[in-house]
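**Student:** One structure, as structure tokens, below. Some questions next.
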Amino acid sequence: MRYKWMRSAILLLAVWPITAASLPSAKPEELGMSSDRLRRLDQMIQRRVDASDIAGAVTIVARKAKIVHFQAFGVRDLESKQPMTKDTIFRIASMTKPVTGLAIMMMIEEGRVRLTDPVSRYIPEFKNMKVAVAQTSASEGRGGGRGSVPQFYTIPTEREITIRDLLTHVSGLASGVISSDETRKLNRRPEENLASYIPRLGSTPLEFQPGSRWSYSPQAGFDTLGRIVEIASGMPLDQFFRERIFNPLGMEEVSFWPADDRWPRVASVYFKTADGLQKSPNPNTMSSKVYFMGSGGLMTTPADYLPFGVMLCNGGALNGKRLLSPKTVEMMTSVHAPDTLPGRPRGEGFGLSVRVINDHVASGTLLSNGTFGWSGIYGTYFFVDPKEQLVAILMAQTANREMASDFENLVEQAIVE
């Protein structure tokens, strides 16, 4: 009986369906890409490693839902010299935001949330918020030092902030010097969760009138959206992510806090100084077992994040699992905050949680118009080019904007058909 059970188990594993996290691979030439040209991508990343710009990185590229490139470079920890491996786990920081954006869009599809809803409909403390008006310049502000926070007074908002405002970073919530400084005074406690902390944000002043400009809300905006997902769905954000997004897509490695046996695979975070790369003394401030940052708390591997991008590239479905309709993906990845809005660079609009290229000539990139994606402060970046049916992910743990720009161009130049 024992032998039969073991044989059955082996046969089951042999025919187990391929999960989304292990998408099939193909030779680049089979999908209109050049192996020789993709090696230019390898060479660029290796130059960055050799120059000590980064300790290491992993890159993965898929076209038409098949992996055509998957490479690891350098080390994941300089001190121990542990080599970077394809299954290394990275802190993806703000690449969490599009996952939260997806969750909100799922709630919209179910009629639980509307883009135009005021945030106060879900969190009453956001009713009657104020806008900060600076009375002094930053150099003359509190503390008197250069770059200190200016003195300010408050005025009423012309309208309430909405779900769309938060998704597109036009809300003014913790989006600048004054509002971010006032938010820090709330002193979030380690034991607090979204339910206890987010309502307190309603007491902070906005940086500007809602919708009047674009200014990135690094944490507060998407943490608030995470709380709205909890309220609308009736489950904690980590549970919603797991049950409604990660499990259907086969994303088995992603979490807000890895299991103990996975921590040895987590890459170290470094920041570049005049004296070389220095290890971050406190790299896990975004990740938690209780406070699930919709803005930046997830940790995962490149291959495990890939199904998320491929699903969006496919119009909301992957491996027979549909998370969004094509029309909703179109709405999510359309420009809502145009490049004519103060704060946005030329050629780059902003969609519902993602940057969108609306004029690749003005933006100076090889990415097709309609390409969308986002990055993370520790050196991670992904983009989806629907026109070319292309998804590409770069994961490192040292911030480097130039490398991300080079990455997107080197991936695109490898397309030959």
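Letters for chains follow the order of the structure tokens (A, B, ...), residue numbers begin at 1 for each chain, and ligand numbers begin at 1 in the order shown.
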List as a ChimeraX atom specification the protein and nucleic acid residues near range 229-240 of chain A, meaning an atom at most 12 Å away when only C-alpha atoms are counted, but skip any in the same chain fewer than 5 places from it.
**Tutor:** /A:96,99-114,119,121-123,163,193-195,198,222-224,245-248,254-257,287-295,297-298
**Student:** Limited to N, CA and C atoms, could you put the picked residues into a file as a short mmCIF file (atom, residue, chain, number, x, y, z; two decimals), in the first residue's frame?
**Tutor:**
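Saved file selection.cif follows:
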data_model
loop_
_atom_site.label_atom_id
_atom_site.label_comp_id
_atom_site.auth_asym_id
_atom_site.auth_seq_id
_atom_site.Cartn_x
_atom_site.Cartn_y
_atom_site.Cartn_z
N THR A 96 3.93 47.29 -5.24
CA THR A 96 2.72 46.83 -4.56
C THR A 96 1.51 47.64 -5.01
N VAL A 99 -0.93 46.28 -7.53
CA VAL A 99 -1.72 45.16 -6.99
C VAL A 99 -2.92 45.71 -6.23
N THR A 100 -2.68 46.75 -5.43
CA THR A 100 -3.80 47.42 -4.74
C THR A 100 -4.75 48.04 -5.74
N GLY A 101 -4.19 48.63 -6.81
CA GLY A 101 -5.04 49.18 -7.87
C GLY A 101 -5.93 48.11 -8.49
N LEU A 102 -5.36 46.92 -8.74
CA LEU A 102 -6.14 45.81 -9.27
C LEU A 102 -7.27 45.44 -8.32
N ALA A 103 -6.97 45.39 -7.02
CA ALA A 103 -7.98 45.04 -6.03
C ALA A 103 -9.14 46.03 -6.05
N ILE A 104 -8.82 47.33 -6.15
CA ILE A 104 -9.87 48.34 -6.23
C ILE A 104 -10.71 48.15 -7.50
N MET A 105 -10.06 47.87 -8.62
CA MET A 105 -10.80 47.66 -9.86
C MET A 105 -11.71 46.45 -9.76
N MET A 106 -11.30 45.42 -9.04
CA MET A 106 -12.15 44.25 -8.82
C MET A 106 -13.38 44.64 -8.01
N MET A 107 -13.19 45.50 -7.02
CA MET A 107 -14.32 45.98 -6.22
C MET A 107 -15.26 46.84 -7.06
N ILE A 108 -14.70 47.60 -7.99
CA ILE A 108 -15.53 48.41 -8.89
C ILE A 108 -16.38 47.49 -9.77
N GLU A 109 -15.76 46.43 -10.30
CA GLU A 109 -16.51 45.50 -11.14
C GLU A 109 -17.66 44.83 -10.39
N GLU A 110 -17.50 44.66 -9.09
CA GLU A 110 -18.54 44.01 -8.29
C GLU A 110 -19.58 45.01 -7.78
N GLY A 111 -19.42 46.28 -8.13
CA GLY A 111 -20.38 47.28 -7.71
C GLY A 111 -20.26 47.69 -6.26
N ARG A 112 -19.11 47.38 -5.63
CA ARG A 112 -18.90 47.72 -4.23
C ARG A 112 -18.25 49.09 -4.05
N VAL A 113 -17.59 49.56 -5.11
CA VAL A 113 -16.84 50.83 -5.08
C VAL A 113 -17.05 51.52 -6.42
N ARG A 114 -17.02 52.85 -6.40
CA ARG A 114 -17.05 53.64 -7.64
C ARG A 114 -15.82 54.55 -7.67
N VAL A 119 -13.80 59.40 -0.55
CA VAL A 119 -13.19 58.48 0.41
C VAL A 119 -14.00 58.44 1.70
N ARG A 121 -17.00 58.19 2.14
CA ARG A 121 -18.10 57.21 2.11
C ARG A 121 -17.69 55.93 2.84
N TYR A 122 -16.42 55.63 2.83
CA TYR A 122 -15.91 54.42 3.47
C TYR A 122 -15.21 54.73 4.79
N ILE A 123 -14.59 55.89 4.86
CA ILE A 123 -13.85 56.29 6.06
C ILE A 123 -14.35 57.68 6.44
N ILE A 163 -11.86 58.17 -4.78
CA ILE A 163 -11.09 56.97 -5.08
C ILE A 163 -10.15 57.22 -6.26
N ASN A 193 -3.01 48.35 12.76
CA ASN A 193 -3.31 47.86 11.43
C ASN A 193 -3.97 48.97 10.62
N LEU A 194 -4.39 48.67 9.40
CA LEU A 194 -5.00 49.70 8.57
C LEU A 194 -6.27 50.26 9.21
N ALA A 195 -7.04 49.39 9.85
CA ALA A 195 -8.32 49.82 10.43
C ALA A 195 -8.14 50.86 11.52
N ILE A 198 -5.54 54.27 9.49
CA ILE A 198 -5.96 55.06 8.33
C ILE A 198 -6.97 56.16 8.69
N PHE A 222 -2.20 55.01 -1.06
CA PHE A 222 -2.51 53.62 -1.38
C PHE A 222 -2.73 52.77 -0.13
N ASP A 223 -2.22 53.19 1.01
CA ASP A 223 -2.61 52.52 2.25
C ASP A 223 -4.10 52.77 2.52
N THR A 224 -4.55 53.97 2.20
CA THR A 224 -5.97 54.28 2.34
C THR A 224 -6.80 53.44 1.38
N ILE A 245 -6.26 37.25 -5.73
CA ILE A 245 -5.28 37.58 -6.76
C ILE A 245 -4.16 36.54 -6.84
N PHE A 246 -3.44 36.33 -5.75
CA PHE A 246 -2.25 35.49 -5.81
C PHE A 246 -2.57 34.03 -6.07
N ASN A 247 -3.52 33.46 -5.36
CA ASN A 247 -3.85 32.05 -5.58
C ASN A 247 -4.35 31.79 -6.99
N PRO A 248 -5.30 32.59 -7.52
CA PRO A 248 -5.74 32.34 -8.90
C PRO A 248 -4.62 32.44 -9.93
N VAL A 254 4.80 35.35 -3.10
CA VAL A 254 4.58 36.74 -2.72
C VAL A 254 3.85 36.83 -1.38
N SER A 255 4.29 37.79 -0.55
CA SER A 255 3.67 37.97 0.77
C SER A 255 4.09 39.32 1.34
N PHE A 256 3.39 39.72 2.42
CA PHE A 256 3.80 40.91 3.16
C PHE A 256 4.92 40.59 4.15
N TRP A 257 5.08 39.31 4.48
CA TRP A 257 6.15 38.90 5.39
C TRP A 257 6.48 37.45 5.09
N SER A 287 7.42 46.24 5.31
CA SER A 287 6.78 44.93 5.46
C SER A 287 6.40 44.70 6.91
N SER A 288 5.30 43.98 7.09
CA SER A 288 4.77 43.80 8.44
C SER A 288 3.85 42.59 8.47
N LYS A 289 3.68 42.03 9.68
CA LYS A 289 2.73 40.94 9.87
C LYS A 289 1.34 41.45 10.23
N VAL A 290 1.23 42.76 10.50
CA VAL A 290 -0.06 43.31 10.94
C VAL A 290 -0.51 44.52 10.13
N TYR A 291 0.44 45.36 9.67
CA TYR A 291 0.09 46.55 8.91
C TYR A 291 0.41 46.28 7.44
N PHE A 292 -0.62 46.06 6.65
CA PHE A 292 -0.44 45.64 5.27
C PHE A 292 -0.47 46.86 4.35
N MET A 293 0.71 47.34 4.02
CA MET A 293 0.84 48.55 3.22
C MET A 293 0.38 48.31 1.79
N GLY A 294 -0.77 48.87 1.44
CA GLY A 294 -1.20 48.80 0.06
C GLY A 294 -0.28 49.59 -0.85
N SER A 295 0.60 50.36 -0.24
CA SER A 295 1.51 51.23 -1.00
C SER A 295 2.88 50.61 -1.26
N GLY A 297 4.32 47.15 0.67
CA GLY A 297 4.79 46.14 1.61
C GLY A 297 5.14 44.78 1.07
N LEU A 298 4.87 44.50 -0.21
CA LEU A 298 5.02 43.13 -0.70
C LEU A 298 6.48 42.76 -0.99
#
**Student:** With distances taken over only C-alpha atoms, which residue among A:Pro342, A:Pro199, A:Pro264, A:Pro124 lies nearest Val170 in chain A?
**Tutor:**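 Residue with the minimum atom-to-atom distance to Val170 in chain A: A:Pro342.
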**Student:** Take CA of Ser179 in chain A and CA of Ser217 in chain A and report the distance between them in Å, one decimal.
**Tutor:**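 Computing it gives 9.9 Å between the two atoms.
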**Student:** Need the shell around Gly296 in chain A: protein/DNA/RNA residues with any atom at most 8 Å away, counting only C-alpha atoms. Skip same-chain ones fewer than 4 positions apart. Format as a compact mmCIF listing (two decimals) with N, CA and C atoms, in the first residue's frame?
**Tutor:**
# COMPACT_ATOMS: atom_id res chain seq x y z
N ILE A 92 9.61 44.68 -3.12
CA ILE A 92 9.22 45.37 -4.37
C ILE A 92 8.63 46.75 -4.11
N ALA A 93 8.47 47.13 -2.84
CA ALA A 93 8.07 48.50 -2.49
C ALA A 93 6.85 48.94 -3.29
N SER A 94 6.96 50.02 -4.05
CA SER A 94 5.78 50.60 -4.70
C SER A 94 5.25 49.78 -5.87
N MET A 95 5.91 48.71 -6.25
CA MET A 95 5.30 47.78 -7.20
C MET A 95 4.13 47.05 -6.54
N THR A 96 3.93 47.29 -5.24
CA THR A 96 2.72 46.83 -4.56
C THR A 96 1.51 47.64 -5.01
N LYS A 97 1.71 48.90 -5.34
CA LYS A 97 0.59 49.79 -5.66
C LYS A 97 -0.30 49.28 -6.79
N GLN A 219 2.99 56.73 0.48
CA GLN A 219 2.41 55.72 1.36
C GLN A 219 0.93 55.93 1.64
N MET A 286 8.75 48.64 5.42
CA MET A 286 7.49 48.58 4.67
C MET A 286 6.73 47.29 4.90
N SER A 287 7.42 46.24 5.31
CA SER A 287 6.78 44.93 5.46
C SER A 287 6.40 44.70 6.91
N GLY A 376 9.75 50.44 -7.89
CA GLY A 376 9.87 50.44 -6.44
C GLY A 376 11.15 51.13 -6.02
**Student:** Report the distance between CA of Thr333 in chain A and CA of Gln71 in chain A in Å, rounded to one decimal place.
**Tutor:**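 About the pair CA of Thr333 in chain A and CA of Gln71 in chain A: they are 28.1 Å apart.
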**Student:** Using only C-alpha atoms, find the one residue out of A:Leu312, A:Arg213, A:Ser353, A:Gly32 that sits nearest to Asp339 in chain A.
**Tutor:**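 Answer, going by the shortest atom-to-atom distance: A:Arg213.
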**Student:** Write out as a PyMOL selection string the set of residues from range 110-182 of chain A that DSSP, computed on the backbone, places in strand (DSSP E).
**Tutor:** chain A and resi 130-134+152-156
**Student:** Tell me which of A:Leu225, A:Ala274, A:Met44, A:Leu410 sits closest to Asp165 in chain A, counting only C-alpha atoms.
**Tutor:**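 Looking only at the distances to Asp165 in chain A, the closest residue turns out to be A:Leu225.
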**Student:** For Asp359 in chain A, which of A:Pro338, A:Gly309, A:Gly347, A:Pro190 is the closest residue, counting only C-alpha atoms?
**Tutor:**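 That would be A:Gly347, the residue with the smallest distance to Asp359 in chain A.
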**Student:** Compile the contact shell of Val61 in chain A as a ChimeraX atom specification: residues with an atom at most 8 Å away, counting only C-alpha atoms, same-chain residues fewer than 6 positions apart removed.
**Tutor:** /A:67-70,390-393,411
**Student:** Measuring atom to atom with only C-alpha atoms, identify which of A:Val354, A:Val361, A:Val49, A:Ala62 is nearest to Leu166 in chain A.
**Tutor:** A:Val354
**Student:** Need to verify the contact set: range 364-368 of chain A, 12 Å, only C-alpha atoms, exclusion of same-chain residues closer than 6 positions in sequence. Can you return it as a list in words?
**Tutor:**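 My reading of the contact set: Pro345, Arg346, Gly347, Glu348, Val356, Ile357, Asn358, Phe383, Val384, Asp385, Pro386, Lys387, Glu388, Gln389, Leu390, Val391, Ala392, Ala404, Ser405, Asp406, Phe407, Glu408, Asn409, Leu410, Val411, Glu412, Gln413, Ala414 and Ile415 of chain A.
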**Student:** Write out, as a short mmCIF file (atom, residue, chain, number, x, y, z; two decimals), in the first residue's frame, the residues just selected, with N, CA and C atoms.
**Tutor:**
data_model
loop_
_atom_site.label_atom_id
_atom_site.label_comp_id
_atom_site.auth_asym_id
_atom_site.auth_seq_id
_atom_site.Cartn_x
_atom_site.Cartn_y
_atom_site.Cartn_z
N PRO A 345 5.65 64.60 -16.11
CA PRO A 345 6.61 64.85 -17.20
C PRO A 345 5.96 64.67 -18.56
N ARG A 346 6.55 65.27 -19.57
CA ARG A 346 6.05 65.17 -20.94
C ARG A 346 6.03 63.73 -21.40
N GLY A 347 4.95 63.36 -22.08
CA GLY A 347 4.86 62.04 -22.68
C GLY A 347 4.42 60.94 -21.75
N GLU A 348 4.23 61.26 -20.44
CA GLU A 348 3.87 60.24 -19.47
C GLU A 348 2.65 60.68 -18.67
N VAL A 356 1.63 55.59 -17.47
CA VAL A 356 1.23 55.23 -18.82
C VAL A 356 1.98 56.11 -19.82
N ILE A 357 2.62 55.49 -20.81
CA ILE A 357 3.28 56.24 -21.87
C ILE A 357 2.23 56.66 -22.90
N ASN A 358 2.02 57.95 -23.04
CA ASN A 358 1.04 58.42 -24.04
C ASN A 358 1.71 59.12 -25.22
N PHE A 383 7.23 46.70 -16.59
CA PHE A 383 6.37 47.36 -17.56
C PHE A 383 5.67 46.32 -18.41
N VAL A 384 4.50 46.74 -18.91
CA VAL A 384 3.69 45.91 -19.80
C VAL A 384 3.46 46.71 -21.08
N ASP A 385 3.86 46.15 -22.20
CA ASP A 385 3.66 46.77 -23.51
C ASP A 385 2.61 45.96 -24.25
N PRO A 386 1.34 46.34 -24.14
CA PRO A 386 0.28 45.54 -24.78
C PRO A 386 0.42 45.43 -26.29
N LYS A 387 0.89 46.48 -26.94
CA LYS A 387 1.04 46.45 -28.39
C LYS A 387 1.97 45.34 -28.82
N GLU A 388 3.06 45.15 -28.07
CA GLU A 388 4.04 44.12 -28.40
C GLU A 388 3.83 42.83 -27.62
N GLN A 389 2.76 42.77 -26.80
CA GLN A 389 2.46 41.60 -25.96
C GLN A 389 3.70 41.23 -25.13
N LEU A 390 4.25 42.25 -24.49
CA LEU A 390 5.53 42.14 -23.80
C LEU A 390 5.39 42.52 -22.34
N VAL A 391 5.99 41.72 -21.46
CA VAL A 391 6.07 42.02 -20.02
C VAL A 391 7.52 41.85 -19.60
N ALA A 392 8.06 42.84 -18.90
CA ALA A 392 9.46 42.78 -18.49
C ALA A 392 9.59 43.24 -17.05
N ALA A 404 16.77 51.54 -14.86
CA ALA A 404 15.41 51.20 -15.27
C ALA A 404 15.12 51.72 -16.67
N SER A 405 15.58 52.93 -16.97
CA SER A 405 15.39 53.50 -18.31
C SER A 405 16.14 52.70 -19.35
N ASP A 406 17.39 52.34 -19.04
CA ASP A 406 18.18 51.51 -19.96
C ASP A 406 17.51 50.15 -20.16
N PHE A 407 16.96 49.60 -19.08
CA PHE A 407 16.32 48.29 -19.13
C PHE A 407 15.17 48.28 -20.13
N GLU A 408 14.29 49.28 -20.06
CA GLU A 408 13.14 49.27 -20.94
C GLU A 408 13.57 49.42 -22.40
N ASN A 409 14.55 50.25 -22.66
CA ASN A 409 15.00 50.41 -24.05
C ASN A 409 15.70 49.17 -24.58
N LEU A 410 16.50 48.52 -23.74
CA LEU A 410 17.20 47.31 -24.20
C LEU A 410 16.27 46.13 -24.40
N VAL A 411 15.20 46.06 -23.64
CA VAL A 411 14.20 45.02 -23.89
C VAL A 411 13.50 45.30 -25.22
N GLU A 412 13.09 46.54 -25.42
CA GLU A 412 12.33 46.87 -26.65
C GLU A 412 13.19 46.73 -27.90
N GLN A 413 14.49 47.08 -27.82
CA GLN A 413 15.31 46.99 -29.02
C GLN A 413 15.58 45.56 -29.44
N ALA A 414 15.27 44.60 -28.55
CA ALA A 414 15.46 43.18 -28.87
C ALA A 414 14.30 42.63 -29.71
N ILE A 415 13.24 43.41 -29.88
CA ILE A 415 12.13 42.97 -30.75
C ILE A 415 12.52 43.18 -32.21
#
**Student:** Counting only C-alpha atoms, which of A:Glu207, A:Glu30, A:Asp53, A:Asp77 gets nearest to Lys130 in chain A?
**Tutor:**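 Among the listed residues, the smallest separation from Lys130 in chain A belongs to A:Glu207.
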